[in-house]
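Read the structure below first, then the notes.
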Amino acid sequence: MMLSTVTVLVAFIFQGCFAKVDLPALPYDYKALEPIISSKTLEFHHDKHHAKYVATTNSMITEDSGLSDAPLEEIMKQSYGKNAGLYNNAAQAWNHAFYWNCMKKKGGGKPTKQKKLMSLIKTSFGSFDAFLEEFSNAANTAFGSGWAWLVFDSETGQLMVTKTIGAENPMNVNPNWAPLLTCDVWEHAYYLDYQNLRPTYTESFLSKLVNWDFVAANLETASAKSSTQEVGSEL
């Protein structure tokens with residue numbers, strides 16, 4: 001049964017809490033990704049970890065911050081490099097919401113139906129296998145806790161793989177980078193199911209879980225935005 005939307009409301013009982021960032025429901029049932037990711041992992045990961053990041057973000061927005069009505073991406077942009085506590089929690093709230101949608105039941109493998117995406121992967125990396133190797137390496141070598149990403153670079157029109165440590169999001173590292181796909185490699189994402197075998201989790205994510213429809217849709221959005229910006233710069 002699909003989870004109902006859980007909303008983290010403004011908690012006025014905490015002084016200085018003026019924001020309203022929502023905790024989105026998972027886009028599938030707790031058991032949908034089994035046996036790759038267990039229902040127990042999803043319950044703890046979404047209902048405890050993700051929920052905590054959302055609640056903490058809300059609690060850190062003050063009345064005079066100018067962010068009480070700001071969307072999550074704007075909170076991230078304004079706090080990056082200025083307020084580490086707020087940025088880390090806001091970015092983790094965004095990263096997790098994005099990560100859930102990067103997966104689906106019976107996903108993974110090659111994006112054979114997403115022809116534009118597949119073509120750009122081959123152009124950018126040389127082959128799909130080369131992409132898999134680069135993405136896996138990023139995920140498996142992120143020291144401690146972090147994220148592996150596939151991004152669209154609007155400056156080059158190509159795809160690239162990058163990794164971030166902690167909560168950092170690539171669109172804050174480089175405004176030309178639009179996230180298309182991410183794999184959470186914080187231990188709470190996989191430890192109950194894989195213990196310390198991160199490479200096994202990464203391989204399973206890529207071969208059995210990736211939602212290529214979501215990735216392709218993100219590419220369409222990023223490409224359209226890039227084209228609009230190019231037209232605007234020529235006027």
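Residues in the structure tokens are named by chain (A, B, ... in the order shown) and by number from 1 within that chain; ligands are numbered from 1 in the order shown.
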
So that I can check the surroundings of Glu134 in chain A, please list as a PyMOL selection string every protein, DNA and RNA residue that reaches within 10 Å of it, counting only C-alpha atoms and ignoring chain neighbours fewer than 3 positions away.
chain A and resi 125+128-131+137-140+148+150+160-162

Would you mind writing down, as a list in words, each residue of range 4-233 of chain A that DSSP on the backbone assigns to strand (DSSP E or B)?
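Everything in range 4-233 of chain A that counts as strand (DSSP E or B) is Val6, Leu23, Met103, Gly146, Trp147, Ala148, Trp149, Leu150, Val151, Phe152, Asp153, Gln158, Leu159, Met160, Val161, Thr162, Lys163, Thr164, Ile165, Trp177, Ala178, Pro179, Leu180, Leu181, Thr182, Cys183, Asp184 and Val210 of chain A.
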
Those same residues, written as a PDB file, in the first residue's frame with N, CA and C atoms?
```
ATOM      1  N   VAL A   6       3.656  12.403   4.626  1.00  0.00           N
ATOM      2  CA  VAL A   6       3.929  12.853   5.987  1.00  0.00           C
ATOM      3  C   VAL A   6       4.431  14.274   5.888  1.00  0.00           C
ATOM      4  N   LEU A  23       8.163  16.647   4.355  1.00  0.00           N
ATOM      5  CA  LEU A  23       8.750  15.330   4.176  1.00  0.00           C
ATOM      6  C   LEU A  23       7.876  14.577   3.182  1.00  0.00           C
ATOM      7  N   MET A 103      15.072   5.404  -7.650  1.00  0.00           N
ATOM      8  CA  MET A 103      14.922   3.950  -7.587  1.00  0.00           C
ATOM      9  C   MET A 103      13.489   3.532  -7.884  1.00  0.00           C
ATOM     10  N   GLY A 146      28.626   9.908   2.067  1.00  0.00           N
ATOM     11  CA  GLY A 146      28.486  10.820   0.946  1.00  0.00           C
ATOM     12  C   GLY A 146      27.530  10.313  -0.111  1.00  0.00           C
ATOM     13  N   TRP A 147      27.708  10.821  -1.326  1.00  0.00           N
ATOM     14  CA  TRP A 147      26.794  10.552  -2.433  1.00  0.00           C
ATOM     15  C   TRP A 147      27.570  10.427  -3.742  1.00  0.00           C
ATOM     16  N   ALA A 148      27.122   9.544  -4.618  1.00  0.00           N
ATOM     17  CA  ALA A 148      27.632   9.472  -5.991  1.00  0.00           C
ATOM     18  C   ALA A 148      26.569  10.061  -6.903  1.00  0.00           C
ATOM     19  N   TRP A 149      26.997  10.827  -7.917  1.00  0.00           N
ATOM     20  CA  TRP A 149      26.053  11.568  -8.756  1.00  0.00           C
ATOM     21  C   TRP A 149      26.372  11.420 -10.240  1.00  0.00           C
ATOM     22  N   LEU A 150      25.330  11.382 -11.036  1.00  0.00           N
ATOM     23  CA  LEU A 150      25.419  11.617 -12.472  1.00  0.00           C
ATOM     24  C   LEU A 150      24.811  12.991 -12.694  1.00  0.00           C
ATOM     25  N   VAL A 151      25.577  13.893 -13.320  1.00  0.00           N
ATOM     26  CA  VAL A 151      25.089  15.253 -13.529  1.00  0.00           C
ATOM     27  C   VAL A 151      25.188  15.649 -14.991  1.00  0.00           C
ATOM     28  N   PHE A 152      24.359  16.604 -15.376  1.00  0.00           N
ATOM     29  CA  PHE A 152      24.430  17.224 -16.702  1.00  0.00           C
ATOM     30  C   PHE A 152      25.145  18.550 -16.535  1.00  0.00           C
ATOM     31  N   ASP A 153      26.213  18.743 -17.291  1.00  0.00           N
ATOM     32  CA  ASP A 153      26.982  19.987 -17.252  1.00  0.00           C
ATOM     33  C   ASP A 153      26.488  20.892 -18.369  1.00  0.00           C
ATOM     34  N   GLN A 158      27.541  17.900 -21.722  1.00  0.00           N
ATOM     35  CA  GLN A 158      27.879  16.498 -21.511  1.00  0.00           C
ATOM     36  C   GLN A 158      27.449  16.036 -20.114  1.00  0.00           C
ATOM     37  N   LEU A 159      27.478  14.715 -19.923  1.00  0.00           N
ATOM     38  CA  LEU A 159      27.239  14.137 -18.613  1.00  0.00           C
ATOM     39  C   LEU A 159      28.573  13.899 -17.921  1.00  0.00           C
ATOM     40  N   MET A 160      28.562  13.905 -16.609  1.00  0.00           N
ATOM     41  CA  MET A 160      29.756  13.573 -15.855  1.00  0.00           C
ATOM     42  C   MET A 160      29.365  12.948 -14.523  1.00  0.00           C
ATOM     43  N   VAL A 161      30.284  12.208 -13.951  1.00  0.00           N
ATOM     44  CA  VAL A 161      30.090  11.588 -12.641  1.00  0.00           C
ATOM     45  C   VAL A 161      30.908  12.356 -11.620  1.00  0.00           C
ATOM     46  N   THR A 162      30.333  12.585 -10.465  1.00  0.00           N
ATOM     47  CA  THR A 162      31.059  13.213  -9.382  1.00  0.00           C
ATOM     48  C   THR A 162      30.608  12.593  -8.069  1.00  0.00           C
ATOM     49  N   LYS A 163      31.336  12.846  -7.015  1.00  0.00           N
ATOM     50  CA  LYS A 163      30.949  12.387  -5.689  1.00  0.00           C
ATOM     51  C   LYS A 163      31.043  13.562  -4.730  1.00  0.00           C
ATOM     52  N   THR A 164      30.197  13.557  -3.736  1.00  0.00           N
ATOM     53  CA  THR A 164      30.242  14.587  -2.706  1.00  0.00           C
ATOM     54  C   THR A 164      30.326  13.908  -1.350  1.00  0.00           C
ATOM     55  N   ILE A 165      30.958  14.582  -0.407  1.00  0.00           N
ATOM     56  CA  ILE A 165      31.126  14.047   0.936  1.00  0.00           C
ATOM     57  C   ILE A 165      30.137  14.728   1.872  1.00  0.00           C
ATOM     58  N   TRP A 177      26.038  22.356 -12.924  1.00  0.00           N
ATOM     59  CA  TRP A 177      25.750  20.934 -12.777  1.00  0.00           C
ATOM     60  C   TRP A 177      24.315  20.708 -12.322  1.00  0.00           C
ATOM     61  N   ALA A 178      23.577  19.937 -13.095  1.00  0.00           N
ATOM     62  CA  ALA A 178      22.201  19.570 -12.747  1.00  0.00           C
ATOM     63  C   ALA A 178      22.179  18.081 -12.389  1.00  0.00           C
ATOM     64  N   PRO A 179      21.802  17.727 -11.165  1.00  0.00           N
ATOM     65  CA  PRO A 179      21.751  16.313 -10.777  1.00  0.00           C
ATOM     66  C   PRO A 179      20.713  15.539 -11.590  1.00  0.00           C
ATOM     67  N   LEU A 180      21.121  14.373 -12.084  1.00  0.00           N
ATOM     68  CA  LEU A 180      20.212  13.488 -12.815  1.00  0.00           C
ATOM     69  C   LEU A 180      19.950  12.198 -12.037  1.00  0.00           C
ATOM     70  N   LEU A 181      20.957  11.733 -11.304  1.00  0.00           N
ATOM     71  CA  LEU A 181      20.888  10.459 -10.594  1.00  0.00           C
ATOM     72  C   LEU A 181      21.809  10.530  -9.392  1.00  0.00           C
ATOM     73  N   THR A 182      21.393   9.914  -8.276  1.00  0.00           N
ATOM     74  CA  THR A 182      22.288   9.826  -7.129  1.00  0.00           C
ATOM     75  C   THR A 182      22.144   8.488  -6.433  1.00  0.00           C
ATOM     76  N   CYS A 183      23.225   8.073  -5.786  1.00  0.00           N
ATOM     77  CA  CYS A 183      23.235   6.884  -4.939  1.00  0.00           C
ATOM     78  C   CYS A 183      23.740   7.301  -3.568  1.00  0.00           C
ATOM     79  N   ASP A 184      22.943   7.075  -2.552  1.00  0.00           N
ATOM     80  CA  ASP A 184      23.293   7.413  -1.180  1.00  0.00           C
ATOM     81  C   ASP A 184      24.279   6.375  -0.650  1.00  0.00           C
ATOM     82  N   VAL A 210      17.895   1.368 -10.425  1.00  0.00           N
ATOM     83  CA  VAL A 210      17.871   2.716 -11.017  1.00  0.00           C
ATOM     84  C   VAL A 210      16.599   2.950 -11.832  1.00  0.00           C
TER      85      VAL A 210
END
```

Please indicate the distance in Å from CA of Asn174 in chain A to CA of Lys225 in chain A, rounded to one decimal place.
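CA of Lys225 in chain A lies at a distance of 15.5 Å from CA of Asn174 in chain A.
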
Residues at most 8 Å from range 51-55 of chain A, counting only C-alpha atoms, excluding those fewer than 5 positions away in the same chain, as a ChimeraX atom specification?
/A:8,21-23,46,89-90,92-93

Select, from A:Leu72, A:Gly108, A:Ser154, A:Tyr87, the residue with the minimum atom-to-atom distance to Thr221 in chain A, counting only C-alpha atoms.
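When distances to Thr221 in chain A are compared using only C-alpha atoms, the smallest one comes from A:Ser154.
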
Please, what distance in Å, to one decimal, runs between CA of Lys115 in chain A and CA of Ala216 in chain A?
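These two atoms are separated by 8.9 Å.
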
Would you mind telling me which residue in A:Thr112, A:Thr156, A:Asn101, A:Asn211 lies nearest to Ser223 in chain A when using only C-alpha atoms?
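Among the listed residues, the smallest separation from Ser223 in chain A belongs to A:Thr156.
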
Given only C-alpha atoms as the basis, pick out the residue of A:Leu209, A:Ala91, A:Leu219, A:Ala189 nearest to Phe44 in chain A.
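Ranked by minimum distance to Phe44 in chain A, first place goes to A:Ala189.
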
So which one's closest to Ser68 in chain A, A:Lys105, A:Pro35, A:Leu120, A:Lys20? Using only C-alpha atoms, please.
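Among A:Lys105, A:Pro35, A:Leu120, A:Lys20, it is A:Lys20 that comes nearest to Ser68 in chain A.
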
Find, counting only C-alpha atoms, the residue in A:Glu155, A:Lys82, A:Asn196, A:Trp100 that gets nearest to Ser226 in chain A.
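So, comparing all the options, the nearest one is A:Glu155.
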
Please extract the residues of range 31-194 of chain A with a backbone DSSP assignment of helix (DSSP H, G or I) and present them as a ChimeraX atom specification.
/A:39-60,72-79,84-101,115-125,128-141,170-173,187-189,191-194

Keeping only C-alpha atoms, take the residues you just selected and write them out as a CSV table (one decimal), in the first residue's frame.
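Output contents, as saved in again13.csv:
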```csv
chain,number,residue,atom,x,y,z
A,39,SER,CA,11.5,-2.6,4.3
A,40,LYS,CA,13.3,-2.2,7.6
A,41,THR,CA,16.0,-0.1,5.9
A,42,LEU,CA,13.5,2.0,4.1
A,43,GLU,CA,11.5,2.6,7.3
A,44,PHE,CA,14.5,3.7,9.3
A,45,HIS,CA,16.0,5.6,6.4
A,46,HIS,CA,12.9,7.6,5.5
A,47,ASP,CA,10.9,7.8,8.7
A,48,LYS,CA,13.9,8.5,11.0
A,49,HIS,CA,16.9,9.9,9.1
A,50,HIS,CA,15.1,11.8,6.3
A,51,ALA,CA,12.4,13.0,8.7
A,52,LYS,CA,15.1,14.3,11.1
A,53,TYR,CA,16.8,16.4,8.4
A,54,VAL,CA,13.5,18.0,7.5
A,55,ALA,CA,12.5,18.7,11.1
A,56,THR,CA,15.9,20.2,11.9
A,57,THR,CA,15.8,22.4,8.8
A,58,ASN,CA,12.5,23.7,9.8
A,59,SER,CA,13.7,24.4,13.4
A,60,MET,CA,16.7,26.4,12.2
A,72,LEU,CA,14.4,24.0,-0.2
A,73,GLU,CA,16.8,24.7,-3.1
A,74,GLU,CA,16.9,28.4,-2.2
A,75,ILE,CA,17.6,27.5,1.5
A,76,MET,CA,20.5,25.4,0.3
A,77,LYS,CA,21.8,28.1,-2.0
A,78,GLN,CA,21.6,30.9,0.6
A,79,SER,CA,23.2,28.8,3.4
A,84,ALA,CA,26.9,24.8,7.8
A,85,GLY,CA,24.3,23.4,10.1
A,86,LEU,CA,21.4,24.7,8.1
A,87,TYR,CA,23.0,23.8,4.8
A,88,ASN,CA,23.8,20.2,5.9
A,89,ASN,CA,20.2,19.5,7.0
A,90,ALA,CA,18.5,21.3,4.1
A,91,ALA,CA,20.8,19.5,1.5
A,92,GLN,CA,20.2,16.1,3.2
A,93,ALA,CA,16.4,16.8,3.0
A,94,TRP,CA,16.8,17.5,-0.8
A,95,ASN,CA,19.2,14.7,-1.5
A,96,HIS,CA,17.0,12.1,0.1
A,97,ALA,CA,13.9,13.2,-1.6
A,98,PHE,CA,15.8,13.0,-4.9
A,99,TYR,CA,17.3,9.6,-4.1
A,100,TRP,CA,14.0,7.9,-3.4
A,101,ASN,CA,12.9,8.8,-6.9
A,115,LYS,CA,17.4,6.7,-26.3
A,116,LYS,CA,18.5,10.3,-25.8
A,117,LEU,CA,19.9,9.5,-22.3
A,118,MET,CA,21.7,6.4,-23.6
A,119,SER,CA,23.1,8.3,-26.5
A,120,LEU,CA,24.5,11.0,-24.3
A,121,ILE,CA,25.9,8.5,-21.9
A,122,LYS,CA,27.9,6.9,-24.7
A,123,THR,CA,29.0,10.3,-26.0
A,124,SER,CA,30.1,11.4,-22.6
A,125,PHE,CA,31.8,8.3,-21.3
A,128,PHE,CA,27.6,2.4,-20.9
A,129,ASP,CA,30.1,0.0,-19.2
A,130,ALA,CA,32.6,2.9,-18.8
A,131,PHE,CA,29.8,5.0,-17.1
A,132,LEU,CA,29.0,2.1,-14.7
A,133,GLU,CA,32.7,1.8,-13.8
A,134,GLU,CA,33.1,5.5,-13.2
A,135,PHE,CA,29.9,5.8,-11.2
A,136,SER,CA,30.7,2.7,-9.1
A,137,ASN,CA,34.2,4.0,-8.4
A,138,ALA,CA,32.7,7.3,-7.2
A,139,ALA,CA,30.2,5.6,-4.9
A,140,ASN,CA,32.8,3.1,-3.5
A,141,THR,CA,35.6,5.6,-2.9
A,170,PRO,CA,26.7,19.1,-6.8
A,171,MET,CA,24.4,22.0,-7.9
A,172,ASN,CA,25.9,24.0,-5.0
A,173,VAL,CA,29.4,23.0,-5.9
A,187,GLU,CA,26.0,3.7,5.9
A,188,HIS,CA,22.4,4.1,7.1
A,189,ALA,CA,21.4,3.6,3.4
A,191,TYR,CA,24.2,-1.3,6.5
A,192,LEU,CA,21.2,-3.3,7.7
A,193,ASP,CA,21.2,-5.2,4.3
A,194,TYR,CA,24.9,-5.2,3.3
```

note - CA of Ala222 in chain A and CA of Pro111 in chain A are separated by 17.9 Å
